[in-house]
Structures are given as C-alpha cells and as structure tokens.
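Below is one structure; the comments refer to it alone.
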Amino acid sequence: MSRIHNFSAGPGALPLPVLEQVRDELVDFRGAGMSILEMSHRGGVYEQVHMQAMADIKTLLGAGADWKVVFMGGGARTQFALLPLNLGRGRRTAYLTTGAWSEYALTEAKKASDAIELWSSAGTKHDRVPAPGAYAPDPAAAYLHYTSNNTIFGTEYSRVPDAGGAPLVCDMSSNILSRPIDIDKFSLIYAGAQKNMGPAGVTVLIIRDELLARSPADLPEMFSFQKHAAQDSMLNTPPVFAIYIVGLVCRHVMQQGGVAAMDALAERKATALYAEIDRDGFYRGHAQRDSRSRMNVTFRTPSEDLDKQFVKAADASGLSGLKGHRSVGGLRASIYNAVPEAAVDALIAFMGEFRRKHG
Ligand SMILES: Cc1ncc(COP(=O)(O)O)c(C=O)c1O
C-alpha cells in the first residue's frame with residue numbers, strides 16, 4: 001500500500017485509522033452479517049451509530065441539551081437556500097462576504113429574504129476578514145451569516161464576528177473541529193462534512209432549539225429544519241454511510257485529545273508552512289497576515305509558469321492537490337485535521353528545494 005500526501009481542498013484527507021476501520025468492518029458490520037450500506041436505517045444497529053454520531057458532535061462542540069444536531073443531504077450549498085427559507089423569510093438577513101462561498105450564500109438569501117451585505121472583502125480580492133469594528137452590526141436582522149474559513153481564498157476568522165445581538169449563523173464547512181468555539185455565541189452552525197468531518201454526502205447542522213420554531217409551517221417538509229430535527233434526521237433515508245464515517249472521525253478526534261488537540265496541531269502545521277512562505281520573498285501568501293487560514297494556505301511563486309511547474313513537480317514527488325482554485329490561481333495547500341505533520345514537513349522540504357532550483 002502506498003498513500004501519498006494529500007492536500008486536497010475537499011473532499012479532503014481522512015484519518016488513516018478511520019479508513020482502516022471502515023475497511024475492516026465493511027462486509028460484516030459488527031456481527032450483523034451484512035454491511036452498514038445494506039441495512040435498514042430504522043434498525044437498532046444503524047440507529048445506535050446515528051445517535052452516537054449526533055451525541056459525539058455535540059460533545060466535541062460543547063453543545064448542551066438546548067442544541068439539536070441535524071444531518072441533511074444536498075451539501076453545504078443547499079443550506080445557502082434553506083437558511084433564509086427557515087429562519088429569515090420575509091425578514092432582513094445580514095451577511096459578511098469574505099469569499100466565493102459567502103457570495104453564493106448571499107445570492108441565495110436574496111431570493112428568500114431581504115438580505116443585506118454588511119461588509120465585503122471583494123475590493124481586496126478576498127484577502128482578509130473584517131477587523132473588529134469594520135462594519136456596523138444589525139441587531140434587528142433575523143440572523144447574521146458568516147463563513148468562518150474561506151476555503152478558496154485562504155482566510156479565516158480568528159475571533160467570532162459581532163452580530164450585535166442578532167442570532168449568529170456560521171458556515172463552518174472548512175474549519176469545524178479545528179479550534180475550540182464558544183458555542184454560546186452561535187445559534188446555528190453548519191458544515192459540509194467532506195473537509196474536517198468525513199466524506200461528502202452529509203451536511204451537519206447544529207441548531208439551537210429555539211430557532212427550530214421559526215421554520216414556516218408551509219415549507220416543504222424536506223426543506224424544514226424543524227421537521228428534520230423532530231425526526232432525529234430520519235425524516236427520510238439519511239446518508240447512512242457518510243454519517244457512520246462522520247461518527248468514526250468524531251471518535252478519532254476524541255481519541256486524539258479533542259478539539260483542543262486539533263487546535264494545537266493546526267497551529268503547528270500552519271506556523272511552519274507560513275514561515276516557509278515568508279522566508280525570503282520567493283513565495284508570496286495571498287491572505288493578509290492577520291487573516292491567514294490555518295486550514296487552506298494560499299500562496300504563489302514568482303510567476304504563473306513556475307506555479308504550474310510547482311504543481312507538476314510536487315505531484316511527481318507524492319504531494320497531491322496543491323493547485324490553487326481556478327478563480328484565484330496560484331497554489332493552495334489544504335491542511336485539514338487529518339493531514340499529518342509529516343505531510344506538511346514534506347511539503348516544506350519540497351518548497352525549499354523548489355526555491356533553490358528556481359529562485
Ligand atoms: C466554506 C464552504 N462552504 C460551502 C461549500 C460548498 O459545499 P458543498 O459542496 O457541500 O455544497 C464549500 C465547498 O468547498 C466550502 O468550502
């Protein structure tokens with residue numbers, strides 16, 4: 001078996017012990033005589049997996065009894081539309097725009113609510129997140145939405161933005177479980193699983209109970225947070241395989257020391273990688289220093305041609321997924337929780353060699 005260093009932005013690297021466990025229990029799931037892919041989601045064996053995953057997500061995020069975990073399909077992008085439909089129909093909703101994903105979220109919100117953009121980094125190519133005091137919060141908004149980590153541009157909030165008392169809603173797709181959060185500041189958090197939580201196919205929502213009452217009664221049931229929550233995400237057939245793996249990833253994170261350990265790991269990896277980028281001006285980071293992401297590190301070499309050579313040579317050296325997003329160009333190393341320090345060390349060594357050759 002040979003596994004390469006995977007810097008993919010998503011679906012991203014999964015912990016090897018999780019993949020090995022999935023392999024080992026695939027054909028006969030824990031003595032059931034069938035795989036988890038083949039059994040009823042209403043049976044006791046799957047139900048235990050499902051409920052445990054929900055409980056573990058709450059434990060990892062520090063969410064108490066007044067929170068509900070909801071598993072939904074359709075990716076994080078479906079939530080861009082479902083959020084205003086459930087929480088903001090006919091009302092004003094507020095958005096902080098810090099990249100492509102929050103732009104999409106705002107566009108969808110405009111279709112279902114009176115959505116306003118409180119702040120945008122578009123004027124500086126999304127190289128930063130708002131500094132404290134950069135915008136006036138809207139206390140009357142149905143909610144304030146922000147994207148805690150901007151996967152494409154490589155920026156990240158290091159503190160929770162001010163919602164001015166409005167409920168705070170966060171797309172945490174690309175940095176959930178990588179840093180401790182003060183859950184009391186939030187009303188709803190959602191994340192496509194395929195970066196830090198598991199495979200594509202399930203979106204995880206953590207919703208404060210009091211918000212569930214806002215889902216309008218005339219919403220189609222499959223669009224309603226309230227209906228999904230009331231049925232423990234068994235309104236229809238849930239994405240069982242994805243949820244099972246999310247549960248395994250949660251257990252793995254717990255065994256590693258929880259979110260605090262992931263935080264320390266992210267800090268070590270990002271510090272080392274940015275130090276290499278900052279070494280002598282050969283590499284240039286995209287994000288302003290105080291907005292740098294610890295999950296998606298965006299940078300470039302002195303020319304587009306060298307960027308291309310970098311990606312090609314890196315691939316040949318077993319370093320995969322380093323091409324920047326097509327809308328930004330350059331290079332991007334996604335160093336999610338499951339990317340080991342050894343992979344980052346290998347990338348740094350490669351960057352040093354590449355600089356010596358081309359600098
Ligand atoms: C921050 C963020 N939000 C939303 C999405 C969209 O997720 P999905 O593909 O699950 O719809 C992505 C995908 O990369 C993302 O990085």
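Every chain in the structure tokens has a letter given in the order shown (A, B, ...), and although residue numbers restart at 1 in each chain, ligands are simply numbered from 1 in the order shown.
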Counting only C-alpha atoms, what is within 8 Å of stretch 160-169 of chain A, bar same-chain residues fewer than 2 positions away, as a PyMOL selection string? chain A and resi 132+137-146+157-158+171+185-189
Output all heavy atoms of each residue in that selection to a file, as a compact mmCIF listing (two decimals), in the first residue's frame.
# COMPACT_ATOMS: atom_id res chain seq x y z
N PRO A 132 -12.25 43.91 13.91
CA PRO A 132 -13.29 44.36 14.84
C PRO A 132 -13.65 45.82 14.55
O PRO A 132 -12.78 46.65 14.32
CB PRO A 132 -12.62 44.21 16.22
CG PRO A 132 -11.54 43.21 16.02
CD PRO A 132 -11.07 43.37 14.61
N PRO A 137 -23.00 46.16 13.02
CA PRO A 137 -23.91 45.02 13.05
C PRO A 137 -25.37 45.48 13.01
O PRO A 137 -25.65 46.65 13.29
CB PRO A 137 -23.60 44.33 14.38
CG PRO A 137 -22.76 45.25 15.16
CD PRO A 137 -22.22 46.31 14.25
N ASP A 138 -26.25 44.56 12.63
CA ASP A 138 -27.66 44.89 12.52
C ASP A 138 -28.44 44.07 13.55
O ASP A 138 -28.80 42.92 13.30
CB ASP A 138 -28.13 44.56 11.10
CG ASP A 138 -29.58 44.93 10.88
OD1 ASP A 138 -30.26 45.31 11.85
OD2 ASP A 138 -30.03 44.85 9.72
N PRO A 139 -28.72 44.66 14.70
CA PRO A 139 -29.38 43.90 15.77
C PRO A 139 -30.77 43.41 15.38
O PRO A 139 -31.26 42.42 15.95
CB PRO A 139 -29.48 44.91 16.93
CG PRO A 139 -28.60 46.05 16.57
CD PRO A 139 -28.46 46.05 15.08
N ALA A 140 -31.40 44.07 14.40
CA ALA A 140 -32.77 43.70 14.03
C ALA A 140 -32.81 42.58 12.99
O ALA A 140 -33.87 42.08 12.64
CB ALA A 140 -33.50 44.92 13.50
N ALA A 141 -31.65 42.19 12.48
CA ALA A 141 -31.63 41.15 11.43
C ALA A 141 -32.12 39.82 11.99
O ALA A 141 -31.96 39.52 13.18
CB ALA A 141 -30.21 40.99 10.89
N ALA A 142 -32.72 39.01 11.10
CA ALA A 142 -33.18 37.67 11.52
C ALA A 142 -31.99 36.82 11.92
O ALA A 142 -32.09 35.94 12.77
CB ALA A 142 -33.95 37.01 10.38
N TYR A 143 -30.85 37.09 11.28
CA TYR A 143 -29.59 36.47 11.68
C TYR A 143 -28.44 37.16 10.96
O TYR A 143 -28.65 37.85 9.96
CB TYR A 143 -29.56 34.96 11.37
CG TYR A 143 -29.75 34.58 9.92
CD1 TYR A 143 -28.71 34.65 9.00
CD2 TYR A 143 -31.01 34.16 9.45
CE1 TYR A 143 -28.89 34.30 7.67
CE2 TYR A 143 -31.20 33.81 8.11
CZ TYR A 143 -30.14 33.89 7.23
OH TYR A 143 -30.31 33.56 5.91
N LEU A 144 -27.23 36.97 11.48
CA LEU A 144 -26.01 37.37 10.76
C LEU A 144 -25.31 36.10 10.30
O LEU A 144 -25.06 35.19 11.12
CB LEU A 144 -25.06 38.17 11.67
CG LEU A 144 -23.68 38.45 11.02
CD1 LEU A 144 -23.80 39.43 9.87
CD2 LEU A 144 -22.68 38.98 12.05
N HIS A 145 -25.00 36.04 9.02
CA HIS A 145 -24.32 34.87 8.46
C HIS A 145 -22.87 35.20 8.12
O HIS A 145 -22.58 36.24 7.53
CB HIS A 145 -25.03 34.42 7.18
CG HIS A 145 -24.39 33.25 6.49
ND1 HIS A 145 -23.29 33.36 5.67
CD2 HIS A 145 -24.69 31.93 6.53
CE1 HIS A 145 -22.95 32.15 5.23
NE2 HIS A 145 -23.79 31.26 5.72
N TYR A 146 -21.96 34.29 8.49
CA TYR A 146 -20.58 34.45 8.04
C TYR A 146 -19.96 33.08 7.75
O TYR A 146 -20.51 32.04 8.14
CB TYR A 146 -19.76 35.25 9.05
CG TYR A 146 -19.22 34.49 10.25
CD1 TYR A 146 -17.85 34.22 10.37
CD2 TYR A 146 -20.06 34.04 11.26
CE1 TYR A 146 -17.34 33.55 11.47
CE2 TYR A 146 -19.55 33.36 12.36
CZ TYR A 146 -18.19 33.12 12.46
OH TYR A 146 -17.70 32.44 13.54
N TYR A 157 -11.42 33.61 10.16
CA TYR A 157 -11.64 34.46 11.33
C TYR A 157 -10.94 33.81 12.53
O TYR A 157 -11.15 32.63 12.80
CB TYR A 157 -13.12 34.54 11.68
CG TYR A 157 -13.99 35.33 10.73
CD1 TYR A 157 -14.39 34.79 9.51
CD2 TYR A 157 -14.46 36.59 11.07
CE1 TYR A 157 -15.23 35.50 8.64
CE2 TYR A 157 -15.30 37.30 10.22
CZ TYR A 157 -15.68 36.75 9.01
OH TYR A 157 -16.51 37.45 8.17
N SER A 158 -10.16 34.59 13.26
CA SER A 158 -9.58 34.04 14.49
C SER A 158 -10.47 34.39 15.69
O SER A 158 -10.27 33.89 16.78
CB SER A 158 -8.16 34.57 14.70
OG SER A 158 -8.16 35.97 14.67
N ASP A 171 -21.26 29.24 8.45
CA ASP A 171 -20.81 28.15 7.57
C ASP A 171 -19.40 27.78 8.02
O ASP A 171 -18.44 28.50 7.76
CB ASP A 171 -20.81 28.63 6.11
CG ASP A 171 -20.24 27.59 5.15
OD1 ASP A 171 -19.81 26.51 5.61
OD2 ASP A 171 -20.25 27.86 3.93
N LYS A 185 -22.06 31.78 21.61
CA LYS A 185 -22.18 32.93 20.70
C LYS A 185 -22.98 32.60 19.44
O LYS A 185 -23.28 33.50 18.66
CB LYS A 185 -20.78 33.41 20.29
CG LYS A 185 -20.01 34.02 21.45
CD LYS A 185 -18.76 34.71 20.97
CE LYS A 185 -18.13 35.50 22.11
NZ LYS A 185 -16.69 35.67 21.93
N PHE A 186 -23.24 31.32 19.21
CA PHE A 186 -23.85 30.90 17.95
C PHE A 186 -25.32 30.49 18.14
O PHE A 186 -25.74 30.12 19.24
CB PHE A 186 -23.09 29.70 17.37
CG PHE A 186 -21.68 30.04 16.98
CD1 PHE A 186 -20.64 29.94 17.89
CD2 PHE A 186 -21.38 30.45 15.69
CE1 PHE A 186 -19.33 30.26 17.54
CE2 PHE A 186 -20.08 30.77 15.31
CZ PHE A 186 -19.05 30.66 16.24
N SER A 187 -26.04 30.54 17.02
CA SER A 187 -27.41 30.00 17.01
C SER A 187 -27.52 28.82 16.07
O SER A 187 -28.34 27.92 16.27
CB SER A 187 -28.41 31.08 16.59
OG SER A 187 -28.54 32.03 17.63
N LEU A 188 -26.73 28.84 15.00
CA LEU A 188 -26.72 27.71 14.06
C LEU A 188 -25.34 27.62 13.41
O LEU A 188 -24.78 28.63 12.99
CB LEU A 188 -27.80 27.91 12.99
CG LEU A 188 -28.05 26.73 12.03
CD1 LEU A 188 -29.49 26.76 11.51
CD2 LEU A 188 -27.09 26.68 10.86
N ILE A 189 -24.82 26.41 13.36
CA ILE A 189 -23.55 26.14 12.67
C ILE A 189 -23.83 25.02 11.67
O ILE A 189 -24.55 24.07 11.99
CB ILE A 189 -22.48 25.67 13.69
CG1 ILE A 189 -22.11 26.81 14.65
CG2 ILE A 189 -21.24 25.14 12.97
CD1 ILE A 189 -21.31 26.36 15.86
Residues within 8 Å of A:Asn86, please, as an MDAnalysis selection string. Count only C-alpha atoms; anything in the same chain fewer than 5 positions from it doesn't count. chainID A and resid 214:216 219 223:225
How would the residues just chosen look if you wrote them out with C-alpha atoms as a CSV table (one decimal), in the first residue's frame?
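Contents of part_23.csv, as written:
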chain,number,residue,atom,x,y,z
A,214,ARG,CA,-39.0,29.6,13.1
A,215,SER,CA,-39.4,27.1,10.3
A,216,PRO,CA,-42.6,28.2,8.5
A,219,LEU,CA,-42.3,24.8,3.9
A,223,PHE,CA,-36.7,21.8,3.5
A,224,SER,CA,-37.7,22.3,7.1
A,225,PHE,CA,-35.1,22.2,9.9
Counting only C-alpha atoms and all ligand atoms, name the residues that have an atom within 9 Å of an atom of ligand 1; the answer should be given as a PyMOL selection string. chain A and resi 9-11+73-80+99-102+104-105+147-152+171-175+190-195+200-203
Would you put the residues from that selection into a file with C-alpha atoms, as a compact mmCIF listing (two decimals), in the first residue's frame?
# COMPACT_ATOMS: atom_id res chain seq x y z
CA ALA A 9 -9.37 21.17 -0.53
CA GLY A 10 -12.28 18.77 -0.35
CA PRO A 11 -13.14 16.05 -0.28
CA GLY A 73 -28.15 15.87 2.17
CA GLY A 74 -27.55 18.35 -0.64
CA GLY A 75 -24.19 19.68 0.54
CA ALA A 76 -23.48 22.91 2.35
CA ARG A 77 -24.69 24.75 -0.71
CA THR A 78 -28.27 23.61 -0.19
CA GLN A 79 -28.12 25.33 3.18
CA PHE A 80 -27.44 28.65 1.48
CA GLY A 99 -15.14 34.80 -0.44
CA ALA A 100 -16.92 32.82 -3.12
CA TRP A 101 -18.93 30.67 -0.71
CA SER A 102 -20.31 33.57 1.26
CA TYR A 104 -23.18 32.32 -3.09
CA ALA A 105 -24.84 32.25 0.32
CA THR A 147 -18.12 31.89 6.69
CA SER A 148 -15.56 31.10 9.37
CA ASN A 149 -12.94 29.82 6.94
CA ASN A 150 -12.72 30.77 3.29
CA THR A 151 -11.60 27.62 1.56
CA ILE A 152 -10.81 29.20 -1.80
CA ASP A 171 -20.81 28.15 7.57
CA MET A 172 -18.03 26.23 9.29
CA SER A 173 -17.52 23.74 6.45
CA SER A 174 -13.77 24.06 6.20
CA ASN A 175 -12.62 24.63 9.77
CA TYR A 190 -23.44 24.06 9.50
CA ALA A 191 -20.72 22.22 7.65
CA GLY A 192 -20.43 20.01 4.61
CA ALA A 193 -18.64 17.00 6.07
CA GLN A 194 -16.07 16.49 3.35
CA LYS A 195 -13.22 18.51 4.84
CA ALA A 200 -19.15 14.11 1.01
CA GLY A 201 -22.84 13.31 1.18
CA VAL A 202 -23.90 14.68 4.51
CA THR A 203 -24.15 18.21 5.84
Please report, as a ChimeraX atom specification, each residue of stretch 119-294 of chain A to which DSSP assigns strand (DSSP E or B) when run on this structure's backbone. /A:119-120,144-147,149-150,155-156,168-171,188-192,203-208,284-285,292
Any idea what's packed within 8 Å of stretch 334-336 of chain A, counting only C-alpha atoms, ignoring anything in its chain fewer than 6 positions away? Could you give it as an MDAnalysis selection string? chainID A and resid 7:9 12:13 174:175 178 195:196 266 269:270 294:297 322 344
Restrict the selected residues to C-alpha atoms and save them as an mmCIF file, in the first residue's frame.
data_model
loop_
_atom_site.group_PDB
_atom_site.id
_atom_site.type_symbol
_atom_site.label_atom_id
_atom_site.label_comp_id
_atom_site.auth_asym_id
_atom_site.auth_seq_id
_atom_site.Cartn_x
_atom_site.Cartn_y
_atom_site.Cartn_z
ATOM 1 C CA PHE A 7 -3.519 18.467 0.260
ATOM 2 C CA SER A 8 -6.915 18.396 -1.438
ATOM 3 C CA ALA A 9 -9.374 21.167 -0.533
ATOM 4 C CA GLY A 12 -10.027 16.122 1.821
ATOM 5 C CA ALA A 13 -7.810 13.685 3.657
ATOM 6 C CA SER A 174 -13.773 24.060 6.204
ATOM 7 C CA ASN A 175 -12.621 24.627 9.773
ATOM 8 C CA SER A 178 -10.093 22.587 14.203
ATOM 9 C CA LYS A 195 -13.221 18.511 4.841
ATOM 10 C CA ASN A 196 -12.815 18.010 8.577
ATOM 11 C CA ALA A 266 -3.341 23.196 13.238
ATOM 12 C CA LYS A 269 1.335 22.959 10.883
ATOM 13 C CA ALA A 270 0.205 26.428 9.758
ATOM 14 C CA ARG A 294 -4.827 27.543 9.252
ATOM 15 C CA MET A 295 -6.726 25.116 7.011
ATOM 16 C CA ASN A 296 -6.221 26.394 3.448
ATOM 17 C CA VAL A 297 -2.860 28.035 2.848
ATOM 18 C CA LEU A 322 -1.671 21.790 -4.489
ATOM 19 C CA VAL A 344 3.437 19.409 5.937
#
